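File shown: protein15.csv. Contents: CSV, C-alpha atoms.
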chain,number,residue,atom,x,y,z
O,25,MET,CA,175.3,-15.7,84.8
O,26,ASN,CA,174.0,-19.2,84.4
O,27,SER,CA,170.6,-18.0,83.2
O,28,THR,CA,172.2,-15.7,80.7
O,29,LEU,CA,174.4,-18.6,79.4
O,30,ALA,CA,171.3,-20.9,79.2
O,31,ALA,CA,169.3,-18.2,77.4
O,32,LEU,CA,172.0,-17.9,74.8
O,33,PHE,CA,171.4,-21.5,73.8
O,34,THR,CA,167.7,-21.8,74.4
O,35,THR,CA,166.5,-18.6,72.6
O,36,ALA,CA,166.7,-18.7,68.8
O,37,ILE,CA,168.1,-15.7,66.9
O,38,GLU,CA,165.7,-14.3,64.3
O,39,LEU,CA,167.4,-14.2,61.0
O,40,THR,CA,166.6,-12.5,57.7
O,41,GLY,CA,167.3,-14.1,54.3
O,42,THR,CA,170.4,-12.0,53.8
O,43,GLN,CA,171.8,-12.9,57.2
O,44,ARG,CA,171.2,-16.6,56.4
O,45,PHE,CA,173.2,-16.2,53.2
O,46,LEU,CA,176.0,-14.4,55.0
O,47,LEU,CA,176.2,-17.1,57.7
O,48,MET,CA,177.3,-19.5,54.9
O,49,LEU,CA,180.7,-17.7,55.0
O,50,PRO,CA,181.8,-18.8,58.5
O,51,LEU,CA,180.5,-22.3,57.9
O,52,CYS,CA,182.6,-22.6,54.8
O,53,LEU,CA,185.6,-21.2,56.7
O,54,SER,CA,185.1,-24.0,59.3
O,55,VAL,CA,185.0,-26.6,56.6
O,56,ALA,CA,188.2,-25.2,55.0
O,57,VAL,CA,190.1,-24.9,58.3
O,58,VAL,CA,189.3,-28.5,59.4
O,59,TYR,CA,190.0,-30.0,56.0
O,60,LYS,CA,193.3,-28.3,55.5
O,61,THR,CA,194.4,-29.0,59.1
O,62,THR,CA,194.0,-32.7,58.5
O,63,ARG,CA,195.5,-32.7,55.0
O,64,MET,CA,198.5,-30.3,55.1
O,65,LYS,CA,201.9,-31.6,56.1
O,66,ASP,CA,203.4,-28.2,57.0
O,67,ILE,CA,201.3,-26.4,59.6
O,68,ARG,CA,202.7,-23.0,58.6
O,69,ALA,CA,201.2,-23.4,55.2
O,70,ILE,CA,197.7,-23.9,56.6
O,71,PRO,CA,196.4,-20.3,56.8
O,72,ALA,CA,197.2,-19.5,53.1
O,73,ALA,CA,195.7,-22.9,52.0
O,74,VAL,CA,192.6,-22.3,54.1
O,75,LEU,CA,192.0,-18.9,52.5
O,76,VAL,CA,192.3,-20.3,49.0
O,77,LEU,CA,190.0,-23.2,49.7
O,78,TRP,CA,187.5,-20.9,51.5
O,79,ALA,CA,187.4,-18.5,48.5
O,80,THR,CA,187.1,-21.5,46.1
O,81,ILE,CA,184.1,-23.0,48.1
O,82,VAL,CA,182.3,-19.7,48.4
O,83,LEU,CA,182.8,-18.7,44.7
O,84,ALA,CA,181.9,-22.2,43.5
O,85,MET,CA,178.7,-22.2,45.6
O,86,CYS,CA,177.8,-18.7,44.3
O,87,ALA,CA,178.4,-19.9,40.7
O,88,VAL,CA,176.2,-22.9,41.2
O,89,GLY,CA,173.5,-20.7,42.7
O,90,VAL,CA,173.6,-18.3,39.8
O,91,GLY,CA,173.6,-21.1,37.3
O,92,LEU,CA,170.6,-22.8,38.9
O,93,TRP,CA,168.8,-19.4,39.2
O,94,ALA,CA,169.5,-18.7,35.5
O,95,LEU,CA,168.2,-22.2,34.5
O,96,PHE,CA,165.1,-21.7,36.6
O,97,SER,CA,164.5,-18.3,35.0
O,98,ILE,CA,164.8,-19.8,31.5
O,99,LEU,CA,162.6,-22.9,32.2
O,100,VAL,CA,159.8,-21.2,34.2
Q,26,MET,CA,203.4,-15.3,64.9
Q,27,GLY,CA,205.7,-17.3,67.1
Q,28,PRO,CA,207.7,-20.3,66.2
Q,29,VAL,CA,205.5,-23.4,65.4
Q,30,PRO,CA,206.4,-26.3,67.7
Q,31,PRO,CA,207.8,-29.4,65.9
Q,32,GLU,CA,205.4,-32.2,65.2
Q,33,PRO,CA,206.3,-35.8,65.8
Q,34,THR,CA,207.7,-37.6,62.8
Q,35,THR,CA,206.7,-41.0,64.2
Q,36,ASN,CA,203.8,-42.1,66.3
Q,37,PRO,CA,204.7,-40.9,69.9
Q,38,ALA,CA,202.6,-43.8,71.4
Q,39,ILE,CA,205.1,-46.2,69.9
Q,40,ALA,CA,208.1,-44.1,71.0
Q,41,ALA,CA,206.8,-44.1,74.5
Q,42,TYR,CA,205.3,-47.5,75.0
Q,43,GLY,CA,206.5,-49.8,72.2
Q,44,PRO,CA,204.6,-51.4,69.3
Q,45,ARG,CA,202.2,-53.5,71.4
Q,46,ARG,CA,200.6,-50.3,72.8
Q,47,THR,CA,199.7,-49.0,69.3
Q,48,VAL,CA,197.0,-51.7,69.2
Q,49,VAL,CA,195.3,-49.7,71.9
Q,50,ALA,CA,196.5,-46.3,70.8
Q,51,ALA,CA,194.5,-46.2,67.5
Q,52,PRO,CA,191.1,-47.0,69.0
Q,53,PHE,CA,191.8,-44.9,72.0
Q,54,ALA,CA,192.7,-41.9,69.9
Q,55,GLY,CA,189.5,-42.4,67.8
Q,56,LEU,CA,187.4,-42.6,71.0
Q,57,LEU,CA,189.1,-39.4,72.4
Q,58,ALA,CA,188.6,-37.7,69.0
Q,59,TRP,CA,184.9,-38.6,69.1
Q,60,LEU,CA,184.3,-37.5,72.7
Q,61,VAL,CA,186.2,-34.1,72.3
Q,62,PRO,CA,187.0,-33.0,68.8
Q,63,GLY,CA,190.8,-32.8,68.4
Q,64,LEU,CA,191.7,-34.6,71.6
Q,65,GLY,CA,192.8,-37.7,69.6
Q,66,HIS,CA,195.4,-35.6,67.8
Q,67,ILE,CA,196.6,-34.1,71.0
Q,68,TYR,CA,196.9,-37.6,72.5
Q,69,LEU,CA,199.0,-38.6,69.5
Q,70,GLY,CA,201.3,-35.6,70.0
Q,71,TYR,CA,199.9,-33.4,67.2
Q,72,HIS,CA,199.0,-30.6,69.7
Q,73,LEU,CA,198.5,-27.7,67.4
Q,74,ARG,CA,196.4,-29.6,64.8
Q,75,GLY,CA,194.3,-31.0,67.6
Q,76,LEU,CA,193.8,-27.5,69.1
Q,77,ILE,CA,192.8,-26.0,65.8
Q,78,CYS,CA,190.3,-28.8,65.2
Q,79,MET,CA,188.9,-28.6,68.7
Q,80,VAL,CA,188.3,-24.8,68.6
Q,81,THR,CA,186.9,-24.9,65.1
Q,82,ILE,CA,184.5,-27.8,65.5
Q,83,THR,CA,183.3,-26.8,69.0
Q,84,LEU,CA,182.8,-23.2,68.0
Q,85,THR,CA,180.9,-24.3,64.9
Q,86,PHE,CA,178.6,-26.6,66.8
Q,87,TRP,CA,177.7,-24.2,69.6
Q,88,THR,CA,177.3,-21.3,67.2
Q,89,GLY,CA,174.7,-23.4,65.5
Q,90,VAL,CA,173.0,-24.2,68.8
Q,91,ALA,CA,173.0,-20.5,69.7
Q,92,ILE,CA,171.5,-19.5,66.4
Q,93,GLY,CA,168.7,-22.1,66.2
Q,94,SER,CA,168.3,-22.8,70.0
Q,95,VAL,CA,168.9,-26.2,71.5
Q,96,GLN,CA,165.2,-27.2,71.4
Q,97,ALA,CA,164.9,-26.8,67.6
Q,98,THR,CA,168.5,-27.8,66.7
Q,99,VAL,CA,169.3,-31.0,68.6
Q,100,ASP,CA,166.0,-32.9,68.3
Q,101,PRO,CA,166.3,-36.7,67.6
Q,102,HIS,CA,162.5,-37.0,67.2
Q,103,GLU,CA,162.0,-34.3,64.6
Q,104,ARG,CA,165.4,-34.3,62.9
Q,105,GLY,CA,166.6,-37.9,63.3
Q,106,LEU,CA,169.1,-37.9,60.4
Q,107,TRP,CA,170.6,-34.6,61.4
Q,108,PHE,CA,170.9,-35.8,64.9
Q,109,MET,CA,173.0,-38.7,63.7
Q,110,ALA,CA,175.3,-36.2,61.9
Q,111,GLN,CA,175.4,-34.1,65.1
Q,112,LEU,CA,176.4,-37.2,67.1
Q,113,GLY,CA,179.7,-37.0,65.2
Q,114,THR,CA,180.8,-34.4,67.7
Q,115,GLY,CA,180.3,-36.8,70.6
Q,116,GLY,CA,180.5,-34.9,73.8
Q,117,ASN,CA,179.2,-31.7,72.3
Q,118,ALA,CA,176.1,-33.4,70.9
Q,119,LEU,CA,175.4,-35.3,74.1
Q,120,THR,CA,175.7,-32.2,76.2
Q,121,ALA,CA,173.4,-30.3,73.8
Q,122,TYR,CA,170.9,-33.2,74.0
Q,123,VAL,CA,171.0,-33.2,77.8
Q,124,LEU,CA,170.4,-29.4,77.7
Q,125,HIS,CA,167.5,-30.1,75.2
Q,126,ARG,CA,165.9,-32.5,77.6
Q,127,ALA,CA,166.4,-30.2,80.6
Q,128,VAL,CA,164.7,-27.2,78.9
Q,129,GLU,CA,161.9,-29.3,77.4
Q,130,SER,CA,158.7,-28.3,79.1
Q,131,PRO,CA,156.9,-31.1,80.9
Q,132,GLU,CA,153.8,-32.3,79.0
Q,133,PRO,CA,151.2,-34.8,79.8
Q,134,LEU,CA,152.0,-38.4,78.8
Q,135,GLY,CA,151.7,-39.0,75.1
Q,136,ALA,CA,151.7,-35.4,74.1
Q,137,ARG,CA,154.8,-34.1,72.3
Q,138,PRO,CA,156.1,-30.8,73.6
Q,139,VAL,CA,156.1,-28.3,70.7
Q,140,PHE,CA,158.8,-25.6,70.4
Q,141,THR,CA,158.9,-23.5,67.4
Q,142,ALA,CA,161.9,-21.4,66.4
Q,143,HIS,CA,161.8,-19.3,63.3
Q,144,TRP,CA,162.4,-21.8,60.5
Q,145,LEU,CA,165.4,-19.8,59.0
Q,146,SER,CA,167.2,-19.9,62.4
Q,147,ALA,CA,166.4,-23.5,63.0
Q,148,ASP,CA,167.6,-24.4,59.5
Q,149,VAL,CA,170.9,-22.5,59.9
Q,150,GLY,CA,171.4,-24.0,63.4
Q,151,VAL,CA,170.9,-27.5,62.2
Q,152,HIS,CA,173.3,-27.0,59.3
Q,153,TYR,CA,176.0,-25.7,61.5
Q,154,THR,CA,175.7,-28.5,64.1
Q,155,GLY,CA,175.3,-31.2,61.4
Q,156,VAL,CA,178.4,-30.0,59.5
Q,157,ALA,CA,180.4,-29.8,62.7
Q,158,GLY,CA,179.5,-33.5,63.4
Q,159,LEU,CA,180.5,-34.5,59.9
Q,160,LEU,CA,183.8,-32.5,60.1
Q,161,ASN,CA,184.6,-34.4,63.3
Q,162,LEU,CA,184.2,-37.7,61.5
Q,163,LEU,CA,186.9,-36.5,59.2
Q,164,VAL,CA,189.1,-35.6,62.2
Q,165,ILE,CA,188.4,-39.0,63.8
Q,166,LEU,CA,189.5,-40.8,60.6
Q,167,ASP,CA,192.6,-38.6,60.4
Q,168,ALA,CA,193.5,-39.4,64.0
Q,169,LEU,CA,193.1,-43.1,63.3
Q,170,GLY,CA,195.3,-42.8,60.2
Q,171,ARG,CA,198.0,-41.0,62.1
Q,172,ALA,CA,197.9,-43.6,64.9
Q,173,GLU,CA,198.2,-46.4,62.4
Q,174,ALA,CA,201.1,-44.8,60.5
Q,175,SER,CA,203.7,-46.2,62.8
Q,176,PRO,CA,207.2,-47.0,61.7
Q,177,VAL,CA,206.7,-50.7,62.6
Q,178,ARG,CA,203.6,-51.1,60.4
Q,179,ARG,CA,205.4,-49.1,57.6
Q,180,ARG,CA,208.4,-51.4,57.8
Q,181,ARG,CA,206.2,-54.5,57.7
Q,182,ARG,CA,204.2,-53.2,54.7
Q,183,ASP,CA,207.4,-52.3,52.8
Q,184,HIS,CA,209.3,-55.4,53.8
Q,185,PRO,CA,206.9,-58.3,54.5
Q,186,PRO,CA,208.4,-61.0,56.6
Q,187,GLY,CA,209.8,-64.0,54.6
Q,188,ILE,CA,210.6,-61.9,51.6
Q,189,PRO,CA,214.2,-60.9,51.3
How would this structure read if it were set down as structure tokens?
Amino acid sequence: MNSTLAALFTTAIELTGTQRFLLMLPLCLSVAVVYKTTRMKDIRAIPAAVLVLWATIVLAMCAVGVGLWALFSILV
Amino acid sequence: MGPVPPEPTTNPAIAAYGPRRTVVAAPFAGLLAWLVPGLGHIYLGYHLRGLICMVTITLTFWTGVAIGSVQATVDPHERGLWFMAQLGTGGNALTAYVLHRAVESPEPLGARPVFTAHWLSADVGVHYTGVAGLLNLLVILDALGRAEASPVRRRRRDHPPGIP
């Protein structure tokens, strides 16, 4: 049991490029959850606000990525 | 979803102990929030907010460690600035560092033990743990702000002594 638990944190998971990109989604969700938990006055409004912020962060990051890729394609 | 328990409208530390104790309550809440993410909020009576922060930040940190492995993720020698960000999670980062030291293979004096994880995994792990630490800084500041927002301080701010 202990060795299994230790192996979970001492053995790295091999990721592909797509998986790395997809792992951005839960990280953005964490940011949205913590930020909205500290800012919202009404706790019941947190889930909806988190979803909106999460979608905003993901879409904005995708837009920045596409924009930079387009700029790179034009310049190089 | 069940009914959400009511949150305190004033600082419970004041309600329970009086204004003098708030001098201690704010730093103590900050210390608790650093040691265990969300514990400062729970101490101040914001149980649900504290629990949400605790689960989210702890899960984010240890997910990062699981992805990148503790050797490649929590490494103050190779990733000093990231380690400073990770230290924002306090107890989690210190536990991970102890685990890092425990699994580090013994090497002759002067030689640095080398552990290599796949760079993609190590990168993602470091980002997860670093962001968790920075998020906890936000939670610590929020706990300090909530501890400071006492009715006594608000009254003093709105009606300074000596001014009618």
Computed interatomic separation between CA of Thr81 in chain Q and CA of Leu51 in chain O (Å):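 Value for the CA of Thr81 in chain Q-CA of Leu51 in chain O distance: 10.0 Å.
For the atom pair formed by CA of Leu99 in chain O and CA of Arg44 in chain O, the distance is 26.4 Å, given to one decimal.
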Selected residue, from Q:Asp148, Q:Glu32, Q:Glu103, Q:Glu129, that lies nearest to Met48 in chain O when counting only C-alpha atoms: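 Distance minimum relative to Met48 in chain O lands on Q:Asp148.
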Closest atom pairs, residues of chain O within 12 Å of chain Q, only C-alpha atoms, as a tab-separated table:
residue	atom	partner	partner_atom	distance
O:Ser27	CA	Q:Val128	CA	11.7
O:Leu29	CA	Q:Ala91	CA	10.0
O:Ala30	CA	Q:Leu124	CA	8.7
O:Ala31	CA	Q:Ser94	CA	8.8
O:Leu32	CA	Q:Ala91	CA	5.8
O:Phe33	CA	Q:Ala91	CA	4.5
O:Thr34	CA	Q:Ser94	CA	4.6
O:Thr35	CA	Q:Ser94	CA	5.3
O:Ala36	CA	Q:Ser94	CA	4.6
O:Ile37	CA	Q:Ile92	CA	5.1
O:Glu38	CA	Q:Ser146	CA	6.1
O:Leu39	CA	Q:Ser146	CA	5.9
O:Thr40	CA	Q:Leu145	CA	7.5
O:Gly41	CA	Q:Leu145	CA	7.6
O:Thr42	CA	Q:Leu145	CA	10.6
O:Gln43	CA	Q:Leu145	CA	9.6
O:Arg44	CA	Q:Val149	CA	6.9
O:Phe45	CA	Q:Val149	CA	9.5
O:Leu46	CA	Q:Val149	CA	10.8
O:Leu47	CA	Q:Val149	CA	7.9
O:Met48	CA	Q:Val149	CA	8.7
O:Leu49	CA	Q:Tyr153	CA	11.3
O:Pro50	CA	Q:Thr85	CA	8.5
O:Leu51	CA	Q:Tyr153	CA	6.7
O:Cys52	CA	Q:Val156	CA	9.7
O:Leu53	CA	Q:Thr81	CA	9.3
O:Ser54	CA	Q:Thr81	CA	6.1
O:Val55	CA	Q:Leu160	CA	7.0
O:Ala56	CA	Q:Leu160	CA	9.9
O:Val57	CA	Q:Thr81	CA	7.5
O:Val58	CA	Q:Cys78	CA	5.9
O:Tyr59	CA	Q:Leu160	CA	7.8
O:Lys60	CA	Q:Arg74	CA	9.9
O:Thr61	CA	Q:Arg74	CA	6.1
O:Thr62	CA	Q:Asp167	CA	6.4
O:Arg63	CA	Q:Asp167	CA	8.5
O:Met64	CA	Q:Arg74	CA	9.9
O:Lys65	CA	Q:Glu32	CA	9.8
O:Asp66	CA	Q:Glu32	CA	9.3
O:Ile67	CA	Q:Val29	CA	7.8
O:Arg68	CA	Q:Val29	CA	7.4
O:Ala69	CA	Q:Val29	CA	11.1
O:Ile70	CA	Q:Arg74	CA	10.1
O:Pro71	CA	Q:Ile77	CA	11.2
Computed interatomic separation between CA of Ala50 in chain Q and CA of Glu173 in chain Q (Å): 8.6 Å
